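K.L.:
For reference, this is protein_20.pdb, and it has PDB, C-alpha atoms.
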```
MODEL        1
ATOM      1  CA  MET A   4      96.029  63.135  73.706  1.00  0.00           C
ATOM      2  CA  THR A   5      94.009  60.757  71.536  1.00  0.00           C
ATOM      3  CA  LEU A   6      91.124  58.722  72.897  1.00  0.00           C
ATOM      4  CA  PRO A   7      91.227  54.916  72.678  1.00  0.00           C
ATOM      5  CA  ALA A   8      89.098  53.408  69.901  1.00  0.00           C
ATOM      6  CA  SER A   9      86.336  52.483  72.377  1.00  0.00           C
ATOM      7  CA  SER A  10      86.034  56.048  73.652  1.00  0.00           C
ATOM      8  CA  PRO A  11      83.343  58.454  72.469  1.00  0.00           C
ATOM      9  CA  THR A  12      84.173  60.558  69.451  1.00  0.00           C
ATOM     10  CA  ARG A  13      81.582  63.250  70.225  1.00  0.00           C
ATOM     11  CA  GLY A  14      81.418  65.893  72.935  1.00  0.00           C
ATOM     12  CA  VAL A  15      78.798  68.408  74.008  1.00  0.00           C
ATOM     13  CA  ILE A  16      79.051  72.034  75.073  1.00  0.00           C
ATOM     14  CA  LEU A  17      76.101  73.719  76.760  1.00  0.00           C
ATOM     15  CA  PHE A  18      76.470  77.415  75.940  1.00  0.00           C
ATOM     16  CA  ALA A  19      74.782  80.186  77.942  1.00  0.00           C
ATOM     17  CA  HIS A  20      75.120  83.887  78.607  1.00  0.00           C
ATOM     18  CA  GLY A  21      76.752  83.918  82.037  1.00  0.00           C
ATOM     19  CA  SER A  22      76.233  85.965  85.192  1.00  0.00           C
ATOM     20  CA  ARG A  23      78.180  87.544  88.016  1.00  0.00           C
ATOM     21  CA  ASP A  24      76.070  85.483  90.449  1.00  0.00           C
ATOM     22  CA  PRO A  25      77.774  82.095  90.890  1.00  0.00           C
ATOM     23  CA  LEU A  26      74.429  80.461  91.759  1.00  0.00           C
ATOM     24  CA  TRP A  27      73.098  81.366  88.308  1.00  0.00           C
ATOM     25  CA  ARG A  28      75.012  78.517  86.668  1.00  0.00           C
ATOM     26  CA  LEU A  29      73.620  75.766  88.907  1.00  0.00           C
ATOM     27  CA  PRO A  30      70.850  74.781  86.434  1.00  0.00           C
ATOM     28  CA  MET A  31      73.440  74.638  83.640  1.00  0.00           C
ATOM     29  CA  ASP A  32      75.615  72.327  85.694  1.00  0.00           C
ATOM     30  CA  ALA A  33      72.553  70.184  86.476  1.00  0.00           C
ATOM     31  CA  VAL A  34      71.787  69.815  82.755  1.00  0.00           C
ATOM     32  CA  ALA A  35      75.432  68.885  82.110  1.00  0.00           C
ATOM     33  CA  ARG A  36      75.224  66.168  84.774  1.00  0.00           C
ATOM     34  CA  ARG A  37      72.029  64.818  83.213  1.00  0.00           C
ATOM     35  CA  VAL A  38      73.616  64.709  79.762  1.00  0.00           C
ATOM     36  CA  ALA A  39      76.630  62.891  81.210  1.00  0.00           C
ATOM     37  CA  LYS A  40      74.350  60.400  82.968  1.00  0.00           C
ATOM     38  CA  ALA A  41      72.284  59.812  79.809  1.00  0.00           C
ATOM     39  CA  GLU A  42      75.419  59.398  77.663  1.00  0.00           C
ATOM     40  CA  PRO A  43      78.066  57.886  79.954  1.00  0.00           C
ATOM     41  CA  GLY A  44      81.552  58.638  78.742  1.00  0.00           C
ATOM     42  CA  THR A  45      80.504  61.541  76.518  1.00  0.00           C
ATOM     43  CA  PRO A  46      82.502  64.610  77.534  1.00  0.00           C
ATOM     44  CA  VAL A  47      80.172  67.487  78.471  1.00  0.00           C
ATOM     45  CA  ARG A  48      81.214  71.039  79.282  1.00  0.00           C
ATOM     46  CA  CYS A  49      79.423  74.278  80.081  1.00  0.00           C
ATOM     47  CA  ALA A  50      80.639  77.477  78.425  1.00  0.00           C
ATOM     48  CA  PHE A  51      79.573  81.076  78.740  1.00  0.00           C
ATOM     49  CA  LEU A  52      79.513  84.186  76.601  1.00  0.00           C
ATOM     50  CA  GLU A  53      80.545  86.536  79.398  1.00  0.00           C
ATOM     51  CA  LEU A  54      80.796  87.034  83.151  1.00  0.00           C
ATOM     52  CA  THR A  55      81.328  83.320  83.886  1.00  0.00           C
ATOM     53  CA  ALA A  56      84.173  80.953  83.086  1.00  0.00           C
ATOM     54  CA  PRO A  57      84.955  79.077  80.983  1.00  0.00           C
ATOM     55  CA  ASP A  58      84.282  80.841  77.716  1.00  0.00           C
ATOM     56  CA  LEU A  59      83.419  78.909  74.549  1.00  0.00           C
ATOM     57  CA  PRO A  60      86.946  78.897  73.072  1.00  0.00           C
ATOM     58  CA  SER A  61      88.356  77.480  76.332  1.00  0.00           C
ATOM     59  CA  ALA A  62      85.710  74.769  76.692  1.00  0.00           C
ATOM     60  CA  GLY A  63      86.111  73.917  73.014  1.00  0.00           C
ATOM     61  CA  ALA A  64      89.887  73.646  73.291  1.00  0.00           C
ATOM     62  CA  GLU A  65      89.513  71.371  76.315  1.00  0.00           C
ATOM     63  CA  LEU A  66      87.308  68.985  74.330  1.00  0.00           C
ATOM     64  CA  VAL A  67      89.521  69.201  71.238  1.00  0.00           C
ATOM     65  CA  ALA A  68      92.461  68.120  73.399  1.00  0.00           C
ATOM     66  CA  LEU A  69      90.577  64.862  74.067  1.00  0.00           C
ATOM     67  CA  GLY A  70      90.805  64.000  70.374  1.00  0.00           C
ATOM     68  CA  LEU A  71      87.082  64.225  69.676  1.00  0.00           C
ATOM     69  CA  GLU A  72      85.873  64.198  66.075  1.00  0.00           C
ATOM     70  CA  GLU A  73      82.647  66.137  66.674  1.00  0.00           C
ATOM     71  CA  ILE A  74      81.606  68.757  69.210  1.00  0.00           C
ATOM     72  CA  ARG A  75      77.964  69.776  69.451  1.00  0.00           C
ATOM     73  CA  VAL A  76      77.181  73.221  70.875  1.00  0.00           C
ATOM     74  CA  LEU A  77      73.722  73.677  72.374  1.00  0.00           C
ATOM     75  CA  PRO A  78      72.770  77.335  72.950  1.00  0.00           C
ATOM     76  CA  MET A  79      70.842  77.475  76.215  1.00  0.00           C
ATOM     77  CA  PHE A  80      68.866  80.580  75.218  1.00  0.00           C
ATOM     78  CA  LEU A  81      65.068  80.766  75.302  1.00  0.00           C
ATOM     79  CA  GLY A  82      65.003  83.549  72.735  1.00  0.00           C
ATOM     80  CA  VAL A  83      66.980  83.947  69.545  1.00  0.00           C
ATOM     81  CA  GLY A  84      68.403  87.369  70.300  1.00  0.00           C
ATOM     82  CA  ARG A  85      71.568  89.110  69.217  1.00  0.00           C
ATOM     83  CA  HIS A  86      73.841  86.723  71.109  1.00  0.00           C
ATOM     84  CA  ALA A  87      72.378  83.676  69.341  1.00  0.00           C
ATOM     85  CA  ARG A  88      72.054  85.381  65.933  1.00  0.00           C
ATOM     86  CA  GLU A  89      75.319  87.321  65.810  1.00  0.00           C
ATOM     87  CA  ASP A  90      77.799  86.537  68.585  1.00  0.00           C
ATOM     88  CA  LEU A  91      77.537  82.755  68.592  1.00  0.00           C
ATOM     89  CA  PRO A  92      77.985  82.245  64.813  1.00  0.00           C
ATOM     90  CA  LEU A  93      81.194  84.315  64.992  1.00  0.00           C
ATOM     91  CA  LEU A  94      82.452  82.231  67.909  1.00  0.00           C
ATOM     92  CA  MET A  95      81.638  79.034  66.008  1.00  0.00           C
ATOM     93  CA  GLU A  96      83.497  80.291  62.930  1.00  0.00           C
ATOM     94  CA  SER A  97      86.497  81.023  65.128  1.00  0.00           C
ATOM     95  CA  LEU A  98      86.375  77.504  66.598  1.00  0.00           C
ATOM     96  CA  ARG A  99      86.140  75.960  63.131  1.00  0.00           C
ATOM     97  CA  ASN A 100      89.136  77.997  61.973  1.00  0.00           C
ATOM     98  CA  ALA A 101      91.183  77.182  65.074  1.00  0.00           C
ATOM     99  CA  HIS A 102      90.326  73.464  65.033  1.00  0.00           C
ATOM    100  CA  PRO A 103      89.485  72.421  61.461  1.00  0.00           C
ATOM    101  CA  GLN A 104      89.990  68.733  62.253  1.00  0.00           C
ATOM    102  CA  VAL A 105      86.842  68.795  64.410  1.00  0.00           C
ATOM    103  CA  ARG A 106      83.269  68.823  63.111  1.00  0.00           C
ATOM    104  CA  TRP A 107      81.540  71.659  65.000  1.00  0.00           C
ATOM    105  CA  VAL A 108      77.744  71.330  65.127  1.00  0.00           C
ATOM    106  CA  LEU A 109      75.722  74.340  66.216  1.00  0.00           C
ATOM    107  CA  GLN A 110      72.322  73.172  67.368  1.00  0.00           C
ATOM    108  CA  PRO A 111      69.221  75.397  67.439  1.00  0.00           C
ATOM    109  CA  THR A 112      68.658  77.336  70.649  1.00  0.00           C
ATOM    110  CA  VAL A 113      66.681  75.461  73.290  1.00  0.00           C
ATOM    111  CA  GLY A 114      63.876  78.023  72.972  1.00  0.00           C
ATOM    112  CA  GLU A 115      63.257  76.819  69.412  1.00  0.00           C
ATOM    113  CA  ASP A 116      62.500  73.265  70.539  1.00  0.00           C
ATOM    114  CA  PRO A 117      58.741  72.500  70.548  1.00  0.00           C
ATOM    115  CA  GLY A 118      59.248  69.919  73.300  1.00  0.00           C
ATOM    116  CA  LEU A 119      60.754  72.500  75.626  1.00  0.00           C
ATOM    117  CA  LEU A 120      58.006  74.973  74.812  1.00  0.00           C
ATOM    118  CA  ASP A 121      55.396  72.313  75.610  1.00  0.00           C
ATOM    119  CA  LEU A 122      57.160  71.530  78.887  1.00  0.00           C
ATOM    120  CA  LEU A 123      57.188  75.213  79.871  1.00  0.00           C
ATOM    121  CA  ALA A 124      53.504  75.552  79.033  1.00  0.00           C
ATOM    122  CA  ASN A 125      52.747  72.443  81.115  1.00  0.00           C
ATOM    123  CA  LEU A 126      54.745  73.842  84.019  1.00  0.00           C
ATOM    124  CA  ALA A 127      52.787  77.097  83.820  1.00  0.00           C
ATOM    125  CA  MET A 128      49.490  75.239  83.969  1.00  0.00           C
ATOM    126  CA  ALA A 129      50.565  72.833  86.739  1.00  0.00           C
ATOM    127  CA  ARG A 130      51.339  75.474  89.291  1.00  0.00           C
TER     128      ARG A 130
ENDMDL
END
```
Could you express the structure from this file as structure tokens?
P.N.:
Amino acid sequence: MTLPASSPTRGVILFAHGSRDPLWRLPMDAVARRVAKAEPGTPVRCAFLELTAPDLPSAGAELVALGLEEIRVLPMFLGVGRHAREDLPLLMESLRNAHPQVRWVLQPTVGEDPGLLDLLANLAMAR
């Protein structure tokens, strides 16, 4: 299915680890809703490395099916551990190989953003 010309050409995937606890994903879903509100019409999905559905290939395929030209993946990790350094680049390579018509943009992990670090420091001091 191809989007009409007036439709967004970019989508967003918020990517996190996952958990067996279904309540764990509530903040992820809240961020997705805020992105959707800030960018009306931009398709936003959450995806998870393990223990929670959907996984990154499934969320990516869902957005690809919308005919998007670019999909931005935001790793929702505070630290740049093995998952961000090793697992995620392999998943991104797989997505690029499976869907070469799409521009896949891997953003830095949220923990690398100075604005988020400032916000966390402010929260620590405010309480």
K.L.:
List the neighbours of A:Pro111 out to 8 Å using only C-alpha atoms; skip same-chain residues closer than 5 positions along the sequence, and give me the result as a compact mmCIF listing (two decimals) with C-alpha atoms, in the frame of the given file.
P.N.:
```
# COMPACT_ATOMS: atom_id res chain seq x y z
CA LEU A 77 73.72 73.68 72.37
CA PRO A 78 72.77 77.33 72.95
CA ASP A 116 62.50 73.26 70.54
```
K.L.:
In Å, rounded to a single decimal, give me how far atom CA of A:Ala33 is from atom CA of A:Arg85.
P.N.:
25.6 Å
K.L.:
Once the PyMOL selection byres ((chain A and resi 109) around 10) has been applied to the shown file, what residues remain in the selection, as a PyMOL selection string?
P.N.:
chain A and resi 16+74-78+91-92+95+106-108+110-112
K.L.:
Kindly give the distance, in Å, that separates atom CA of A:Gly63 and atom CA of A:Leu122, rounded to a single decimal.
P.N.:
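Atom CA of A:Leu122 lies 29.6 Å from atom CA of A:Gly63.
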K.L.:
So what does the PyMOL selection byres ((chain A and resi 28) around 12) actually pick up in this one, as a PyMOL selection string?
P.N.:
chain A and resi 17-27+29-35+49-51+54-57+79
K.L.:
What separation in Å, quoted to one decimal, exists between atom CA of A:Ala101 and atom CA of A:Thr12?
P.N.:
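Atom CA of A:Thr12 lies 18.6 Å from atom CA of A:Ala101.
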K.L.:
Under the PyMOL selection byres ((chain A and resi 66) around 12), which residues of this model are included? Write them out as a PDB file with C-alpha atoms, in the frame of the given file.
P.N.:
```
ATOM      1  CA  MET A   4      96.029  63.135  73.706  1.00  0.00           C
ATOM      2  CA  THR A   5      94.009  60.757  71.536  1.00  0.00           C
ATOM      3  CA  LEU A   6      91.124  58.722  72.897  1.00  0.00           C
ATOM      4  CA  PRO A  11      83.343  58.454  72.469  1.00  0.00           C
ATOM      5  CA  THR A  12      84.173  60.558  69.451  1.00  0.00           C
ATOM      6  CA  ARG A  13      81.582  63.250  70.225  1.00  0.00           C
ATOM      7  CA  GLY A  14      81.418  65.893  72.935  1.00  0.00           C
ATOM      8  CA  VAL A  15      78.798  68.408  74.008  1.00  0.00           C
ATOM      9  CA  ILE A  16      79.051  72.034  75.073  1.00  0.00           C
ATOM     10  CA  THR A  45      80.504  61.541  76.518  1.00  0.00           C
ATOM     11  CA  PRO A  46      82.502  64.610  77.534  1.00  0.00           C
ATOM     12  CA  VAL A  47      80.172  67.487  78.471  1.00  0.00           C
ATOM     13  CA  ARG A  48      81.214  71.039  79.282  1.00  0.00           C
ATOM     14  CA  CYS A  49      79.423  74.278  80.081  1.00  0.00           C
ATOM     15  CA  ALA A  50      80.639  77.477  78.425  1.00  0.00           C
ATOM     16  CA  LEU A  59      83.419  78.909  74.549  1.00  0.00           C
ATOM     17  CA  PRO A  60      86.946  78.897  73.072  1.00  0.00           C
ATOM     18  CA  SER A  61      88.356  77.480  76.332  1.00  0.00           C
ATOM     19  CA  ALA A  62      85.710  74.769  76.692  1.00  0.00           C
ATOM     20  CA  GLY A  63      86.111  73.917  73.014  1.00  0.00           C
ATOM     21  CA  ALA A  64      89.887  73.646  73.291  1.00  0.00           C
ATOM     22  CA  GLU A  65      89.513  71.371  76.315  1.00  0.00           C
ATOM     23  CA  VAL A  67      89.521  69.201  71.238  1.00  0.00           C
ATOM     24  CA  ALA A  68      92.461  68.120  73.399  1.00  0.00           C
ATOM     25  CA  LEU A  69      90.577  64.862  74.067  1.00  0.00           C
ATOM     26  CA  GLY A  70      90.805  64.000  70.374  1.00  0.00           C
ATOM     27  CA  LEU A  71      87.082  64.225  69.676  1.00  0.00           C
ATOM     28  CA  GLU A  72      85.873  64.198  66.075  1.00  0.00           C
ATOM     29  CA  GLU A  73      82.647  66.137  66.674  1.00  0.00           C
ATOM     30  CA  ILE A  74      81.606  68.757  69.210  1.00  0.00           C
ATOM     31  CA  ARG A  75      77.964  69.776  69.451  1.00  0.00           C
ATOM     32  CA  VAL A  76      77.181  73.221  70.875  1.00  0.00           C
ATOM     33  CA  LEU A  98      86.375  77.504  66.598  1.00  0.00           C
ATOM     34  CA  HIS A 102      90.326  73.464  65.033  1.00  0.00           C
ATOM     35  CA  VAL A 105      86.842  68.795  64.410  1.00  0.00           C
ATOM     36  CA  ARG A 106      83.269  68.823  63.111  1.00  0.00           C
ATOM     37  CA  TRP A 107      81.540  71.659  65.000  1.00  0.00           C
TER      38      TRP A 107
END
```
K.L.:
I need the residue nearest A:Leu94 from this list: A:Leu52, A:Glu42, A:Arg37, A:Ala129. Use all atoms listed in the file for the distance.
P.N.:
A:Leu52
K.L.:
Edge lengths and centre in Å to one decimal, as lines of an AutoDock Vina configuration file, is what I'm after for the box along x, y and z that holds all listed atoms of stretch 115-121 of chain A once 8 Å is added on each side.
P.N.:
```
center_x = 59.3
center_y = 73.4
center_z = 72.5
size_x = 23.9
size_y = 22.9
size_z = 22.2
```
K.L.:
Complete the atoms of stretch 60-79 of chain A to N, CA, C and O atoms and put them out as a PDB file, in the coordinates of the input.
P.N.:
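To be explicit, this is the file written out as part_36.pdb:
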```pdb
ATOM      1  N   PRO A  60      85.663  79.366  73.610  1.00  0.00           N
ATOM      2  CA  PRO A  60      86.946  78.897  73.072  1.00  0.00           C
ATOM      3  C   PRO A  60      87.706  77.995  74.049  1.00  0.00           C
ATOM      4  O   PRO A  60      88.300  76.992  73.636  1.00  0.00           O
ATOM      5  N   SER A  61      87.644  78.303  75.339  1.00  0.00           N
ATOM      6  CA  SER A  61      88.356  77.480  76.332  1.00  0.00           C
ATOM      7  C   SER A  61      87.722  76.104  76.472  1.00  0.00           C
ATOM      8  O   SER A  61      88.429  75.086  76.506  1.00  0.00           O
ATOM      9  N   ALA A  62      86.400  76.061  76.581  1.00  0.00           N
ATOM     10  CA  ALA A  62      85.710  74.769  76.692  1.00  0.00           C
ATOM     11  C   ALA A  62      85.923  73.946  75.424  1.00  0.00           C
ATOM     12  O   ALA A  62      86.145  72.734  75.492  1.00  0.00           O
ATOM     13  N   GLY A  63      85.874  74.617  74.267  1.00  0.00           N
ATOM     14  CA  GLY A  63      86.111  73.917  73.014  1.00  0.00           C
ATOM     15  C   GLY A  63      87.512  73.337  72.940  1.00  0.00           C
ATOM     16  O   GLY A  63      87.690  72.181  72.549  1.00  0.00           O
ATOM     17  N   ALA A  64      88.499  74.120  73.328  1.00  0.00           N
ATOM     18  CA  ALA A  64      89.887  73.646  73.291  1.00  0.00           C
ATOM     19  C   ALA A  64      90.091  72.456  74.231  1.00  0.00           C
ATOM     20  O   ALA A  64      90.832  71.519  73.908  1.00  0.00           O
ATOM     21  N   GLU A  65      89.410  72.482  75.365  1.00  0.00           N
ATOM     22  CA  GLU A  65      89.513  71.371  76.315  1.00  0.00           C
ATOM     23  C   GLU A  65      88.978  70.079  75.689  1.00  0.00           C
ATOM     24  O   GLU A  65      89.587  69.012  75.826  1.00  0.00           O
ATOM     25  N   LEU A  66      87.858  70.172  74.976  1.00  0.00           N
ATOM     26  CA  LEU A  66      87.308  68.985  74.330  1.00  0.00           C
ATOM     27  C   LEU A  66      88.141  68.560  73.122  1.00  0.00           C
ATOM     28  O   LEU A  66      88.324  67.367  72.879  1.00  0.00           O
ATOM     29  N   VAL A  67      88.661  69.522  72.383  1.00  0.00           N
ATOM     30  CA  VAL A  67      89.521  69.201  71.238  1.00  0.00           C
ATOM     31  C   VAL A  67      90.742  68.415  71.715  1.00  0.00           C
ATOM     32  O   VAL A  67      91.174  67.457  71.062  1.00  0.00           O
ATOM     33  N   ALA A  68      91.279  68.795  72.864  1.00  0.00           N
ATOM     34  CA  ALA A  68      92.461  68.120  73.399  1.00  0.00           C
ATOM     35  C   ALA A  68      92.194  66.643  73.707  1.00  0.00           C
ATOM     36  O   ALA A  68      93.141  65.852  73.802  1.00  0.00           O
ATOM     37  N   LEU A  69      90.924  66.263  73.827  1.00  0.00           N
ATOM     38  CA  LEU A  69      90.577  64.862  74.067  1.00  0.00           C
ATOM     39  C   LEU A  69      90.576  64.037  72.782  1.00  0.00           C
ATOM     40  O   LEU A  69      90.377  62.829  72.818  1.00  0.00           O
ATOM     41  N   GLY A  70      90.759  64.699  71.646  1.00  0.00           N
ATOM     42  CA  GLY A  70      90.805  64.000  70.374  1.00  0.00           C
ATOM     43  C   GLY A  70      89.441  63.706  69.775  1.00  0.00           C
ATOM     44  O   GLY A  70      89.314  62.810  68.938  1.00  0.00           O
ATOM     45  N   LEU A  71      88.435  64.453  70.177  1.00  0.00           N
ATOM     46  CA  LEU A  71      87.082  64.225  69.676  1.00  0.00           C
ATOM     47  C   LEU A  71      86.982  64.598  68.198  1.00  0.00           C
ATOM     48  O   LEU A  71      87.656  65.512  67.732  1.00  0.00           O
ATOM     49  N   GLU A  72      86.098  63.909  67.485  1.00  0.00           N
ATOM     50  CA  GLU A  72      85.873  64.198  66.075  1.00  0.00           C
ATOM     51  C   GLU A  72      84.755  65.210  65.872  1.00  0.00           C
ATOM     52  O   GLU A  72      84.737  65.919  64.871  1.00  0.00           O
ATOM     53  N   GLU A  73      83.804  65.249  66.798  1.00  0.00           N
ATOM     54  CA  GLU A  73      82.647  66.137  66.674  1.00  0.00           C
ATOM     55  C   GLU A  73      82.339  66.763  68.022  1.00  0.00           C
ATOM     56  O   GLU A  73      82.369  66.078  69.050  1.00  0.00           O
ATOM     57  N   ILE A  74      82.030  68.051  67.998  1.00  0.00           N
ATOM     58  CA  ILE A  74      81.606  68.757  69.210  1.00  0.00           C
ATOM     59  C   ILE A  74      80.331  69.501  68.881  1.00  0.00           C
ATOM     60  O   ILE A  74      80.285  70.320  67.965  1.00  0.00           O
ATOM     61  N   ARG A  75      79.277  69.166  69.634  1.00  0.00           N
ATOM     62  CA  ARG A  75      77.964  69.776  69.451  1.00  0.00           C
ATOM     63  C   ARG A  75      77.807  70.895  70.474  1.00  0.00           C
ATOM     64  O   ARG A  75      78.066  70.701  71.652  1.00  0.00           O
ATOM     65  N   VAL A  76      77.382  72.054  70.008  1.00  0.00           N
ATOM     66  CA  VAL A  76      77.181  73.221  70.875  1.00  0.00           C
ATOM     67  C   VAL A  76      75.681  73.491  70.943  1.00  0.00           C
ATOM     68  O   VAL A  76      75.039  73.738  69.913  1.00  0.00           O
ATOM     69  N   LEU A  77      75.141  73.425  72.158  1.00  0.00           N
ATOM     70  CA  LEU A  77      73.722  73.677  72.374  1.00  0.00           C
ATOM     71  C   LEU A  77      73.551  75.034  73.046  1.00  0.00           C
ATOM     72  O   LEU A  77      73.901  75.193  74.215  1.00  0.00           O
ATOM     73  N   PRO A  78      73.013  76.031  72.341  1.00  0.00           N
ATOM     74  CA  PRO A  78      72.770  77.335  72.950  1.00  0.00           C
ATOM     75  C   PRO A  78      71.589  77.252  73.921  1.00  0.00           C
ATOM     76  O   PRO A  78      70.478  76.909  73.522  1.00  0.00           O
ATOM     77  N   MET A  79      71.852  77.560  75.165  1.00  0.00           N
ATOM     78  CA  MET A  79      70.842  77.475  76.215  1.00  0.00           C
ATOM     79  C   MET A  79      70.124  78.822  76.366  1.00  0.00           C
ATOM     80  O   MET A  79      70.039  79.387  77.452  1.00  0.00           O
TER      81      MET A  79
END
```
